[in-house]
$ cat final22.cif   # mmCIF, C-alpha atoms (C1' of nucleotides)
data_target
loop_
_atom_site.label_atom_id
_atom_site.label_comp_id
_atom_site.auth_asym_id
_atom_site.auth_seq_id
_atom_site.Cartn_x
_atom_site.Cartn_y
_atom_site.Cartn_z
CA MET A 714 -5.13 30.70 -22.42
CA PHE A 715 -6.55 28.41 -25.06
CA LYS A 716 -3.23 28.88 -26.81
CA VAL A 717 -1.61 26.76 -24.12
CA PHE A 718 -4.00 23.94 -24.81
CA GLU A 719 -3.53 24.31 -28.55
CA GLU A 720 0.20 23.85 -28.25
CA TYR A 721 -0.27 20.90 -25.93
CA LEU A 722 -2.68 19.18 -28.27
CA ARG A 723 -0.64 19.79 -31.41
CA GLN A 724 2.28 18.10 -29.71
CA LYS A 725 0.13 15.09 -28.98
CA ILE A 726 -1.88 14.59 -32.14
CA GLN A 727 -2.17 15.67 -35.75
CA ILE A 728 -5.12 17.96 -35.99
CA SER A 729 -6.52 20.35 -38.58
CA ASP A 730 -7.17 24.02 -37.91
CA GLU A 731 -10.88 23.44 -38.43
CA ASP A 732 -11.06 20.68 -35.86
CA LEU A 733 -9.09 22.71 -33.42
CA GLU A 734 -11.53 25.55 -33.89
CA LEU A 735 -14.37 23.17 -33.12
CA ILE A 736 -12.64 22.23 -29.91
CA ARG A 737 -11.99 25.84 -29.01
CA ALA A 738 -15.57 26.86 -29.66
CA ALA A 739 -16.82 24.20 -27.26
CA SER A 740 -14.40 25.14 -24.50
CA ILE A 741 -14.79 27.43 -21.55
CA GLU A 742 -11.96 29.10 -19.70
CA ARG A 743 -12.20 29.38 -15.97
CA LYS A 744 -9.95 30.95 -13.39
CA LEU A 745 -9.64 29.78 -9.82
CA ARG A 746 -8.12 31.43 -6.82
CA LYS A 747 -5.88 29.60 -4.41
CA TRP A 748 -7.86 27.15 -2.25
CA GLN A 749 -10.91 27.44 -4.44
CA SER A 750 -12.55 24.10 -5.17
CA ILE A 751 -13.70 22.96 -8.57
CA LEU A 752 -15.31 19.82 -7.18
CA HIS A 753 -16.95 19.30 -3.81
CA GLU A 754 -17.85 15.84 -2.63
CA GLY A 755 -21.47 15.03 -3.37
CA GLU A 756 -21.39 16.86 -6.68
CA ILE A 757 -21.26 15.06 -10.01
CA TRP A 758 -18.19 15.70 -12.13
CA ARG A 759 -19.51 16.42 -15.61
CA ILE A 760 -16.60 18.09 -17.33
CA ASN A 761 -13.24 17.50 -18.89
CA CYS A 762 -10.73 19.78 -17.30
CA PHE A 763 -7.32 20.75 -18.66
CA ILE A 764 -4.97 22.71 -16.44
CA ALA A 765 -3.57 25.55 -18.55
CA SER A 766 -1.71 26.91 -15.56
CA GLY A 767 -1.67 26.34 -11.85
CA CYS A 768 -1.85 23.42 -9.52
CA PHE A 769 -4.56 21.15 -8.12
CA ARG A 770 -5.07 18.20 -5.90
CA LEU A 771 -7.79 15.60 -5.66
CA TYR A 772 -8.37 14.44 -2.11
CA ARG A 773 -10.79 12.70 0.15
CA PHE A 774 -11.57 12.67 3.85
CA GLY A 775 -11.13 9.50 5.86
CA GLU A 776 -13.36 8.35 8.71
CA ASP A 777 -11.24 10.22 11.22
CA GLY A 778 -11.47 13.50 9.34
CA THR A 779 -7.93 13.53 8.03
CA ASP A 780 -7.58 14.17 4.33
CA HIS A 781 -5.82 11.95 1.83
CA THR A 782 -4.43 13.17 -1.46
CA LEU A 783 -5.22 10.86 -4.33
CA ARG A 784 -3.63 12.88 -7.08
CA PHE A 785 -1.98 16.14 -8.01
CA GLY A 786 -2.27 18.05 -11.23
CA VAL A 787 -0.10 20.81 -12.63
CA ASP A 788 0.23 22.73 -15.90
CA ASN A 789 -0.66 20.67 -18.95
CA TRP A 790 -2.20 17.88 -16.98
CA TRP A 791 -5.81 16.89 -16.81
CA ILE A 792 -7.63 16.59 -13.55
CA SER A 793 -10.84 14.66 -13.05
CA ASP A 794 -12.84 12.20 -11.02
CA GLN A 795 -13.29 9.42 -13.54
CA GLU A 796 -15.58 7.43 -11.33
CA SER A 797 -18.08 10.24 -10.97
CA TYR A 798 -17.72 11.17 -14.63
CA ASN A 799 -18.24 7.70 -16.02
CA ASN A 800 -21.09 6.69 -13.78
CA GLU A 801 -22.63 10.12 -13.31
CA LYS A 802 -22.81 9.59 -9.60
CA PRO A 803 -21.97 11.93 -6.74
CA SER A 804 -18.27 12.22 -6.15
CA GLU A 805 -16.56 11.12 -2.97
CA TYR A 806 -13.69 13.47 -3.65
CA ASN A 807 -12.78 17.13 -3.63
CA ILE A 808 -10.61 18.95 -6.11
CA GLU A 809 -9.05 22.20 -5.05
CA ALA A 810 -6.62 24.68 -6.55
CA LEU A 811 -3.35 24.88 -4.63
CA ALA A 812 -2.50 28.14 -6.37
CA GLY A 813 -4.18 30.62 -8.66
CA SER A 814 -5.01 28.56 -11.73
CA THR A 815 -6.59 28.65 -15.14
CA VAL A 816 -8.39 25.67 -16.59
CA ILE A 817 -9.99 24.94 -19.93
CA ILE A 818 -13.14 22.92 -19.55
CA TRP A 819 -15.61 21.12 -21.78
CA ASP A 820 -19.02 19.77 -20.86
CA LYS A 821 -19.21 16.01 -21.01
CA GLU A 822 -21.77 16.14 -23.84
CA LYS A 823 -19.70 18.57 -25.84
CA TRP A 824 -16.56 16.51 -25.39
CA GLU A 825 -18.37 13.41 -26.52
CA ALA A 826 -19.64 15.20 -29.60
CA LEU A 827 -16.10 16.34 -30.33
CA MET A 828 -14.80 12.80 -29.95
CA SER A 829 -17.40 11.57 -32.42
CA ALA A 830 -16.47 14.26 -34.90
CA ILE A 831 -12.72 13.92 -34.48
CA PRO A 832 -11.49 10.31 -34.32
CA ALA A 833 -7.98 11.37 -33.36
CA LEU A 834 -9.41 13.11 -30.31
CA LYS A 835 -11.26 9.99 -29.28
CA LEU A 836 -8.10 7.96 -29.63
CA PHE A 837 -6.20 10.51 -27.64
CA THR A 838 -8.77 10.51 -24.86
CA GLU A 839 -8.54 6.74 -24.66
CA GLN A 840 -4.78 6.92 -24.43
CA LEU A 841 -5.00 9.48 -21.65
CA LEU A 842 -7.15 7.08 -19.68
CA ALA A 843 -4.74 4.25 -20.38
CA ARG A 844 -1.79 6.34 -19.17
CA GLY A 845 -3.67 7.17 -16.02
CA TYR A 846 -4.34 3.54 -15.39
CA GLU A 847 -0.72 2.62 -15.91
CA ALA A 848 0.38 5.32 -13.51
CA SER A 849 -2.06 3.92 -10.94
CA GLN A 850 -0.51 0.48 -11.28
CA ARG A 851 2.95 1.80 -10.69
CA ARG A 852 1.76 3.76 -7.71
CA ILE A 853 0.11 0.70 -6.21
CA PHE A 854 3.36 -1.18 -6.61
CA SER A 855 5.29 1.53 -4.84
CA LEU A 856 2.71 1.68 -2.04
CA ILE A 857 2.84 -2.04 -1.34
CA SER A 858 6.56 -2.56 -1.82
CA TYR A 859 8.48 0.58 -0.89
CA SER A 860 9.48 1.98 2.49
CA ALA A 861 8.55 5.54 3.35
CA GLU A 862 11.97 6.71 2.25
CA GLU A 863 11.81 4.91 -1.07
CA LYS A 864 8.36 6.29 -1.76
CA TYR A 865 9.65 9.75 -1.06
CA THR A 866 12.64 9.55 -3.38
CA GLU A 867 10.62 7.93 -6.13
CA PHE A 868 8.00 10.64 -5.96
CA GLN A 869 10.60 13.37 -6.01
CA LYS A 870 12.27 11.79 -9.00
CA THR A 871 9.10 10.99 -10.93
CA TYR A 872 7.18 14.21 -10.33
CA PRO A 873 9.70 16.97 -9.65
CA SER A 874 7.32 19.56 -11.11
CA VAL A 875 4.76 18.61 -8.49
CA PHE A 876 7.17 18.12 -5.65
CA ASN A 877 8.50 21.64 -5.86
CA ARG A 878 5.08 23.26 -5.80
CA VAL A 879 2.94 21.63 -3.20
CA PRO A 880 3.06 21.78 0.61
CA LEU A 881 5.01 18.94 2.18
CA HIS A 882 2.15 17.72 4.28
CA MET A 883 0.17 17.07 1.11
CA VAL A 884 3.01 15.04 -0.33
CA ALA A 885 2.96 13.07 2.89
CA SER A 886 -0.76 12.44 2.58
CA TYR A 887 -0.19 11.38 -1.03
CA LEU A 888 2.47 8.88 0.00
CA GLY A 889 0.45 7.58 2.90
CA ILE A 890 2.88 8.66 5.61
CA SER A 891 2.71 11.31 8.34
CA ARG A 892 4.13 14.78 7.76
CA GLU A 893 6.52 14.30 10.63
CA THR A 894 7.97 11.16 9.09
CA LEU A 895 8.36 12.91 5.76
CA SER A 896 10.07 15.81 7.46
CA ARG A 897 12.53 13.47 9.14
CA ILE A 898 13.29 11.57 5.96
CA ARG A 899 13.95 14.83 4.27
CA LYS A 900 16.32 15.91 7.00
CA GLU A 901 18.37 12.71 6.74
CA PHE A 902 18.49 13.23 3.05
CA THR A 903 19.89 16.72 2.96
CA LYS A 904 22.37 15.69 5.65
CA HIS A 905 23.93 12.85 3.67
CA LYS A 906 23.52 15.09 0.65
CA MET B 581 -15.75 -23.62 -21.87
CA PHE B 582 -16.71 -20.91 -24.33
CA LYS B 583 -20.21 -21.34 -22.96
CA VAL B 584 -19.04 -19.71 -19.74
CA PHE B 585 -17.86 -16.67 -21.63
CA GLU B 586 -21.03 -16.55 -23.69
CA GLU B 587 -23.18 -16.38 -20.57
CA TYR B 588 -20.92 -13.76 -19.10
CA LEU B 589 -21.04 -11.58 -22.18
CA ARG B 590 -24.78 -11.90 -22.68
CA GLN B 591 -25.27 -10.63 -19.16
CA LYS B 592 -23.15 -7.61 -19.93
CA ILE B 593 -24.21 -6.57 -23.40
CA GLN B 594 -26.86 -7.13 -26.04
CA ILE B 595 -25.28 -9.19 -28.77
CA SER B 596 -26.52 -11.11 -31.79
CA ASP B 597 -25.81 -14.78 -32.34
CA GLU B 598 -23.77 -13.92 -35.43
CA ASP B 599 -21.52 -11.52 -33.57
CA LEU B 600 -21.06 -13.98 -30.80
CA GLU B 601 -20.05 -16.57 -33.34
CA LEU B 602 -17.45 -14.15 -34.68
CA ILE B 603 -16.07 -13.77 -31.21
CA ARG B 604 -16.05 -17.50 -30.64
CA ALA B 605 -14.29 -18.18 -33.92
CA ALA B 606 -11.48 -15.82 -32.98
CA SER B 607 -11.01 -17.27 -29.52
CA ILE B 608 -8.65 -19.93 -28.27
CA GLU B 609 -9.16 -22.01 -25.18
CA ARG B 610 -6.18 -22.79 -23.02
CA LYS B 611 -5.75 -24.85 -19.89
CA LEU B 612 -3.14 -24.16 -17.24
CA ARG B 613 -1.92 -26.30 -14.41
CA LYS B 614 -1.41 -24.97 -10.92
CA TRP B 615 1.67 -22.70 -10.75
CA GLN B 616 1.94 -22.49 -14.52
CA SER B 617 2.62 -18.98 -15.78
CA ILE B 618 0.84 -17.34 -18.64
CA LEU B 619 3.11 -14.30 -18.59
CA HIS B 620 6.79 -14.13 -17.65
CA GLU B 621 8.49 -10.81 -17.12
CA GLY B 622 10.27 -9.70 -20.25
CA GLU B 623 7.57 -11.05 -22.53
CA ILE B 624 5.07 -8.83 -24.26
CA TRP B 625 1.44 -9.36 -23.35
CA ARG B 626 -0.42 -9.53 -26.65
CA ILE B 627 -3.69 -11.13 -25.73
CA ASN B 628 -7.00 -10.55 -24.06
CA CYS B 629 -7.54 -13.18 -21.47
CA PHE B 630 -10.82 -14.16 -19.86
CA ILE B 631 -10.78 -16.55 -16.92
CA ALA B 632 -13.45 -19.16 -17.56
CA SER B 633 -12.46 -21.04 -14.45
CA GLY B 634 -9.62 -20.99 -11.99
CA CYS B 635 -7.53 -18.41 -10.26
CA PHE B 636 -4.57 -16.17 -11.14
CA ARG B 637 -2.37 -13.52 -9.74
CA LEU B 638 -0.29 -10.80 -11.33
CA TYR B 639 2.86 -10.11 -9.38
CA ARG B 640 6.27 -8.54 -9.58
CA PHE B 641 9.60 -8.94 -7.85
CA GLY B 642 11.06 -6.11 -5.82
CA GLU B 643 14.73 -5.21 -5.59
CA ASP B 644 15.18 -7.55 -2.66
CA GLY B 645 13.69 -10.51 -4.45
CA THR B 646 10.42 -10.58 -2.57
CA ASP B 647 7.32 -10.76 -4.69
CA HIS B 648 4.42 -8.34 -4.63
CA THR B 649 0.93 -9.17 -5.78
CA LEU B 650 -0.61 -6.45 -7.89
CA ARG B 651 -3.85 -8.18 -8.68
CA PHE B 652 -5.83 -11.39 -8.43
CA GLY B 653 -8.24 -12.82 -10.94
CA VAL B 654 -10.87 -15.50 -10.54
CA ASP B 655 -13.68 -16.95 -12.61
CA ASN B 656 -15.33 -14.46 -14.93
CA TRP B 657 -12.63 -11.85 -14.49
CA TRP B 658 -10.13 -10.67 -17.00
CA ILE B 659 -6.46 -10.71 -16.30
CA SER B 660 -3.89 -8.67 -18.18
CA ASP B 661 -0.91 -6.39 -18.09
CA GLN B 662 -2.38 -3.27 -19.65
CA GLU B 663 0.92 -1.46 -19.74
CA SER B 664 2.62 -4.14 -21.81
CA TYR B 665 -0.47 -4.59 -23.95
CA ASN B 666 -0.97 -0.93 -24.77
CA ASN B 667 2.63 -0.06 -25.40
CA GLU B 668 3.76 -3.40 -26.74
CA LYS B 669 6.73 -3.39 -24.46
CA PRO B 670 8.24 -6.15 -22.32
CA SER B 671 6.28 -6.74 -19.18
CA GLU B 672 7.68 -6.18 -15.71
CA TYR B 673 5.16 -8.60 -14.29
CA ASN B 674 4.37 -12.26 -14.07
CA ILE B 675 0.98 -13.89 -14.21
CA GLU B 676 0.58 -17.35 -12.78
CA ALA B 677 -2.27 -19.76 -12.20
CA LEU B 678 -2.92 -20.40 -8.52
CA ALA B 679 -4.98 -23.44 -9.42
CA GLY B 680 -5.83 -25.49 -12.46
CA SER B 681 -7.52 -23.00 -14.76
CA THR B 682 -9.11 -22.52 -18.13
CA VAL B 683 -8.88 -19.26 -20.01
CA ILE B 684 -10.36 -17.97 -23.24
CA ILE B 685 -7.91 -15.82 -25.13
CA TRP B 686 -7.92 -13.59 -28.19
CA ASP B 687 -4.94 -12.16 -30.03
CA LYS B 688 -4.68 -8.43 -29.77
CA GLU B 689 -5.20 -8.00 -33.52
CA LYS B 690 -8.20 -10.27 -33.54
CA TRP B 691 -9.75 -8.50 -30.60
CA GLU B 692 -9.25 -5.15 -32.27
CA ALA B 693 -10.89 -6.43 -35.43
CA LEU B 694 -13.79 -7.66 -33.33
CA MET B 695 -14.13 -4.29 -31.64
CA SER B 696 -14.27 -2.58 -35.02
CA ALA B 697 -16.90 -4.97 -36.24
CA ILE B 698 -18.98 -4.92 -33.06
CA PRO B 699 -19.44 -1.46 -31.55
CA ALA B 700 -21.03 -2.85 -28.42
CA LEU B 701 -17.90 -4.88 -27.80
CA LYS B 702 -15.73 -1.82 -28.14
CA LEU B 703 -17.89 0.04 -25.68
CA PHE B 704 -17.77 -2.88 -23.31
CA THR B 705 -13.99 -3.07 -23.52
CA GLU B 706 -13.75 0.61 -22.70
CA GLN B 707 -16.01 0.14 -19.73
CA LEU B 708 -13.90 -2.73 -18.48
CA LEU B 709 -10.88 -0.49 -18.55
CA ALA B 710 -12.78 2.24 -16.78
CA ARG B 711 -13.89 -0.17 -14.04
CA GLY B 712 -10.31 -1.29 -13.60
CA TYR B 713 -9.18 2.26 -13.23
CA GLU B 714 -11.84 3.00 -10.66
CA ALA B 715 -10.87 -0.07 -8.67
CA SER B 716 -7.26 1.12 -8.73
CA GLN B 717 -8.30 4.46 -7.30
CA ARG B 718 -10.15 2.84 -4.46
CA ARG B 719 -7.22 0.58 -3.74
CA ILE B 720 -4.84 3.51 -3.66
CA PHE B 721 -7.10 5.21 -1.18
CA SER B 722 -7.14 2.18 1.05
CA LEU B 723 -3.36 1.82 0.82
CA ILE B 724 -2.68 5.41 1.85
CA SER B 725 -5.37 5.75 4.46
CA TYR B 726 -6.06 2.40 6.12
CA SER B 727 -4.17 0.52 8.80
CA ALA B 728 -3.15 -3.07 8.16
CA GLU B 729 -6.24 -4.28 9.95
CA GLU B 730 -8.59 -2.06 8.00
CA LYS B 731 -7.01 -3.12 4.72
CA TYR B 732 -7.52 -6.72 5.68
CA THR B 733 -11.19 -6.38 6.57
CA GLU B 734 -11.91 -4.30 3.51
CA PHE B 735 -10.28 -6.85 1.24
CA GLN B 736 -12.15 -9.69 2.83
CA LYS B 737 -15.42 -7.81 2.45
CA THR B 738 -14.81 -6.58 -1.09
CA TYR B 739 -13.35 -9.73 -2.62
CA PRO B 740 -14.63 -12.69 -0.64
CA SER B 741 -14.38 -14.90 -3.72
CA VAL B 742 -10.68 -14.18 -3.92
CA PHE B 743 -10.03 -14.24 -0.22
CA ASN B 744 -11.26 -17.77 0.19
CA ARG B 745 -9.16 -19.17 -2.61
CA VAL B 746 -5.66 -17.77 -2.37
CA PRO B 747 -2.86 -18.45 0.11
CA LEU B 748 -2.72 -15.97 2.97
CA HIS B 749 0.81 -14.89 2.26
CA MET B 750 -0.31 -13.70 -1.15
CA VAL B 751 -3.09 -11.67 0.38
CA ALA B 752 -0.45 -10.15 2.62
CA SER B 753 1.73 -9.24 -0.34
CA TYR B 754 -1.34 -7.75 -2.03
CA LEU B 755 -2.07 -5.58 0.99
CA GLY B 756 1.54 -4.56 1.43
CA ILE B 757 2.01 -6.17 4.84
CA SER B 758 4.03 -9.14 6.04
CA ARG B 759 2.45 -12.57 6.30
CA GLU B 760 3.17 -12.65 10.02
CA THR B 761 1.31 -9.40 10.59
CA LEU B 762 -1.62 -10.67 8.60
CA SER B 763 -1.61 -13.85 10.61
CA ARG B 764 -1.73 -11.89 13.85
CA ILE B 765 -4.50 -9.61 12.69
CA ARG B 766 -6.46 -12.65 11.73
CA LYS B 767 -5.95 -14.21 15.12
CA GLU B 768 -7.21 -11.12 16.94
CA PHE B 769 -10.18 -11.15 14.65
CA THR B 770 -11.37 -14.67 15.27
CA LYS B 771 -10.82 -14.13 18.98
CA HIS B 772 -13.13 -11.12 19.29
CA LYS B 773 -15.41 -12.99 16.88
"C1'" DC C 565 3.87 43.47 12.93
"C1'" DG C 566 0.44 39.81 14.22
"C1'" DA C 567 -1.97 35.88 12.58
"C1'" DT C 568 -2.05 31.90 10.20
"C1'" DT C 569 -0.18 28.10 8.03
"C1'" DC C 570 3.60 25.05 7.31
"C1'" DT C 571 7.54 22.59 8.93
"C1'" DT C 572 10.58 20.78 12.24
"C1'" DT C 573 11.92 18.54 16.51
"C1'" DG C 574 11.87 15.55 20.69
"C1'" DA C 575 10.20 11.83 23.43
"C1'" DA C 576 7.19 8.10 24.11
"C1'" DA C 577 4.10 4.73 22.41
"C1'" DA C 578 2.10 1.93 18.92
"C1'" DC C 579 2.82 -0.65 15.09
"C1'" DA C 580 4.80 -3.62 11.75
"C1'" DG C 581 8.83 -6.27 10.19
"C1'" DT C 582 12.36 -9.85 10.84
"C1'" DC C 583 14.19 -14.11 12.29
"C1'" DA C 584 13.77 -18.57 13.90
"C1'" DA C 585 11.12 -22.21 15.50
"C1'" DT C 586 6.96 -24.78 15.61
"C1'" DC C 587 2.59 -26.40 14.03
"C1'" DT C 588 -0.77 -27.99 10.52
"C1'" DG C 589 -2.48 -30.07 6.67
"C1'" DT C 590 -1.67 -32.30 2.20
"C1'" DG C 591 0.18 -35.31 -0.82
"C1'" DT C 592 3.78 -38.77 -2.15
"C1'" DG C 593 6.24 -42.82 -2.22
"C1'" DG C 594 7.67 -46.90 0.18
"C1'" DC D 554 -1.31 -47.45 5.78
"C1'" DC D 555 2.45 -45.16 7.56
"C1'" DA D 556 6.41 -42.13 7.33
"C1'" DC D 557 8.15 -38.38 5.37
"C1'" DA D 558 8.63 -34.16 2.91
"C1'" DC D 559 6.80 -29.87 1.86
"C1'" DA D 560 4.25 -25.77 1.68
"C1'" DG D 561 1.56 -22.77 4.25
"C1'" DA D 562 0.35 -20.74 8.63
"C1'" DT D 563 1.28 -19.49 13.25
"C1'" DT D 564 3.88 -18.00 17.32
"C1'" DG D 565 7.43 -15.73 20.33
"C1'" DA D 566 11.06 -12.60 21.06
"C1'" DC D 567 13.30 -8.93 19.29
"C1'" DT D 568 14.34 -4.97 16.33
"C1'" DG D 569 13.29 -1.19 13.71
"C1'" DT D 570 10.18 2.02 11.74
"C1'" DT D 571 6.35 5.06 11.92
"C1'" DT D 572 2.86 7.48 14.46
"C1'" DT D 573 1.28 10.41 17.92
"C1'" DC D 574 1.33 14.29 20.83
"C1'" DA D 575 3.08 18.52 22.18
"C1'" DA D 576 5.89 22.29 21.42
"C1'" DA D 577 8.64 25.35 19.05
"C1'" DG D 578 10.66 27.37 14.69
"C1'" DA D 579 10.11 29.20 9.86
"C1'" DA D 580 7.67 31.19 6.38
"C1'" DT D 581 3.93 33.66 4.33
"C1'" DC D 582 0.41 37.12 3.96
"C1'" DG D 583 -2.58 40.71 4.95
#
$ encode --input "final22.cif" --output "structure tokens"
Amino acid sequence: MFKVFEEYLRQKIQISDEDLELIRAASIERKLRKWQSILHEGEIWRINCFIASGCFRLYRFGEDGTDHTLRFGVDNWWISDQESYNNEKPSEYNIEALAGSTVIIWDKEKWEALMSAIPALKLFTEQLLARGYEASQRRIFSLISYSAEEKYTEFQKTYPSVFNRVPLHMVASYLGISRETLSRIRKEFTKHK
Amino acid sequence: MFKVFEEYLRQKIQISDEDLELIRAASIERKLRKWQSILHEGEIWRINCFIASGCFRLYRFGEDGTDHTLRFGVDNWWISDQESYNNEKPSEYNIEALAGSTVIIWDKEKWEALMSAIPALKLFTEQLLARGYEASQRRIFSLISYSAEEKYTEFQKTYPSVFNRVPLHMVASYLGISRETLSRIRKEFTKHK
DNA sequence: CGATTCTTTGAAAACAGTCAATCTGTGTGG
DNA sequence: CCACACAGATTGACTGTTTTCAAAGAATCG
């Protein structure tokens, strides 16, 4: 499965075969079954995790016990809890596989060594973070300014690859609306085509 | 006013007098009157901007013409549009002073030169970004999981320095609720003490 | 097929938004 | 110093949206 990552990375940055071999040598491949968690709240997230195939979500429980989806991840995305990673403190989140999945992971120390050795990789990592931040900003805007229906259509349009693969009630929890409301919006939508 | 920034930075990182002088030499001080904008949508945000004193907000107009506050900034915060800055593309946002303010700014190129020359500054800049990202995550969680009332109390608790300085209707637009709703929540609150 | 999970539906209740009017405080100019 | 204008905040009545609760249909999986 490293091949998947290799193709991904070569699309993103210029990298020599030697450097790529360094990256490969430091990586570990891991498979997860559906519903298996790769992060449980209370644990510290110490890895970089690339999704070679499959589907994940990062979520958290509210006071009342309901769960709230902070993020999804599908093939060729990264999934992580940056807060736990950066500050090496116990995570408040859970990350679970929504389907059988394969991930490529690197220990934090190994990734940092790789970034030191390969400047392009450091730059790329920084850009990834920046993209994530930008996506957060746009999501905040949609959460404070859109109606439930607008949030739904925007999500469907922006992340079709996610939308088609995850249970509806998780999309609802991602958008901050109830599953029933999402179901009704959806109904109206298919009606008016 | 550079003194304010100097104190701020010395609290955050170890830095020599020479390096600090480099940073000072590259900086520009600018004063803004109340309601003056430092970024208009369509412009490209090419600076790093530290708020030495005063108060700002970053906002955007929705389809219907109403404005939505993405972020506030007060003394000793940074304010920026990362998306425009990183990708050097026209901003979709506006940044305006909510009071007479003084900012210390650096051109993007100058700041990058400084980061190259002063590793600790580069590290610090990365950490700033990381903190911003983490704050975004927490805000997203509150937006998808809290009621209007909970969002209000959390904001008041988390950012008292902002809460006491900005008009209520802007807080409302930040929380994604109407000013009338915020007003009513507030009333209930003072009633039950 | 039976069990479980996911989705849909209906009806009522809670919640938040809109519109319009009023109130409050601040600052300006006469 | 007063009158006025203005922006911000509040209030009431109403409307519309979203949630909740309960139940019933699909779909999936062993």
$ interface_residues --input "final22.cif" --of "chain B" --to "chain C" --cutoff "10 Å" --atoms "all atoms listed in the file" --output "VMD selection string"
chain B and resid 727 to 728 757 to 761
$ residues_near_point --input "final22.cif" --point "(-2.8, 11.3, -10.4)" --cutoff "9 Å" --atoms "all atoms listed in the file" --output "ChimeraX atom specification"
/A:770-771,783-786,792,845,848-849
$ closest_atom_pairs --input "final22.cif" --of "chain B" --to "chain A" --cutoff "9 Å" --atoms "all atoms listed in the file" --output "CSV"
residue,atom,partner,partner_atom,distance
B:Arg640,CA,A:Phe854,CA,8.5
B:Gly642,CA,A:Ser858,CA,7.0
B:Thr646,CA,A:Ser858,CA,8.9
B:Asp647,CA,A:Ser858,CA,8.7
B:His648,CA,A:Ser858,CA,6.8
B:Thr649,CA,A:Phe854,CA,8.4
B:Leu650,CA,A:Phe854,CA,6.7
B:Gln662,CA,A:Glu847,CA,7.2
B:Glu663,CA,A:Glu847,CA,5.8
B:Asn666,CA,A:Ala843,CA,7.8
B:Glu706,CA,A:Glu839,CA,8.3
B:Gln707,CA,A:Asn799,CA,8.7
B:Leu709,CA,A:Ala843,CA,8.0
B:Ala710,CA,A:Asn799,CA,7.8
B:Arg711,CA,A:Glu796,CA,8.2
B:Gly712,CA,A:Tyr846,CA,7.9
B:Tyr713,CA,A:Tyr846,CA,5.5
B:Glu714,CA,A:Glu796,CA,5.8
B:Ser716,CA,A:Ser849,CA,6.3
B:Gln717,CA,A:Ser849,CA,7.2
B:Arg719,CA,A:Ile853,CA,7.7
B:Ile720,CA,A:Ile853,CA,6.2
B:Phe721,CA,A:Leu783,CA,6.7
B:Leu723,CA,A:Leu856,CA,6.7
B:Ile724,CA,A:Gly889,CA,4.0
B:Ser725,CA,A:Gly889,CA,6.3
B:Tyr726,CA,A:Gly775,CA,8.7
B:Ser753,CA,A:Ile857,CA,7.4
B:Tyr754,CA,A:Ile857,CA,7.1
B:Leu755,CA,A:Ile857,CA,6.5
B:Gly756,CA,A:Ile857,CA,4.0
B:Ile757,CA,A:Ile857,CA,7.5
$ write_last_selection --input "final22.cif" --atoms "C-alpha atoms" --output "compact mmCIF listing (two decimals), in the frame of the given file"
# COMPACT_ATOMS: atom_id res chain seq x y z
CA ARG B 640 6.27 -8.54 -9.58
CA GLY B 642 11.06 -6.11 -5.82
CA THR B 646 10.42 -10.58 -2.57
CA ASP B 647 7.32 -10.76 -4.69
CA HIS B 648 4.42 -8.34 -4.63
CA THR B 649 0.93 -9.17 -5.78
CA LEU B 650 -0.61 -6.45 -7.89
CA GLN B 662 -2.38 -3.27 -19.65
CA GLU B 663 0.92 -1.46 -19.74
CA ASN B 666 -0.97 -0.93 -24.77
CA GLU B 706 -13.75 0.61 -22.70
CA GLN B 707 -16.01 0.14 -19.73
CA LEU B 709 -10.88 -0.49 -18.55
CA ALA B 710 -12.78 2.24 -16.78
CA ARG B 711 -13.89 -0.17 -14.04
CA GLY B 712 -10.31 -1.29 -13.60
CA TYR B 713 -9.18 2.26 -13.23
CA GLU B 714 -11.84 3.00 -10.66
CA SER B 716 -7.26 1.12 -8.73
CA GLN B 717 -8.30 4.46 -7.30
CA ARG B 719 -7.22 0.58 -3.74
CA ILE B 720 -4.84 3.51 -3.66
CA PHE B 721 -7.10 5.21 -1.18
CA LEU B 723 -3.36 1.82 0.82
CA ILE B 724 -2.68 5.41 1.85
CA SER B 725 -5.37 5.75 4.46
CA TYR B 726 -6.06 2.40 6.12
CA SER B 753 1.73 -9.24 -0.34
CA TYR B 754 -1.34 -7.75 -2.03
CA LEU B 755 -2.07 -5.58 0.99
CA GLY B 756 1.54 -4.56 1.43
CA ILE B 757 2.01 -6.17 4.84
$ atom_distance --input "final22.cif" --atom1 "CA of Ile624 (chain B)" --atom2 "CA of Tyr665 (chain B)"
7.0 Å
$ closest_atom_pairs --input "final22.cif" --of "chain D" --to "chain A" --cutoff "10 Å" --atoms "all atoms listed in the file" --output "tab-separated table"
residue	atom	partner	partner_atom	distance
D:DT570	C1'	A:Ala861	CA	9.2
D:DT571	C1'	A:Thr894	CA	6.9
D:DT572	C1'	A:Ser891	CA	7.2
D:DT573	C1'	A:Ser891	CA	9.7
$ atom_distance --input "final22.cif" --atom1 "CA of Arg743 (chain A)" --atom2 "CA of Leu881 (chain A)"
27.1 Å
$ resolve_selection --input "final22.cif" --expression "the PyMOL selection byres ((chain A and resi 865) around 9)" --output "PyMOL selection string"
chain A and resi 860-864+866-870+884-885+888+895+898-899
$ resolve_selection --input "final22.cif" --expression "the PyMOL selection byres ((chain B and resi 698) around 10)" --output "PyMOL selection string"
chain B and resi 595-596+599-600+602-603+692-697+699-703
$ atom_distance --input "final22.cif" --atom1 "CA of Glu668 (chain B)" --atom2 "CA of Lys725 (chain A)"
19.0 Å
$ residues_near_point --input "final22.cif" --point "(-6.3, -10.0, -24.0)" --cutoff "7 Å" --atoms "all atoms listed in the file" --output "list in words"
Arg626, Ile627, Asn628, Cys629, Ser660, Ile685, Trp686, Asp687 and Lys688 of chain B
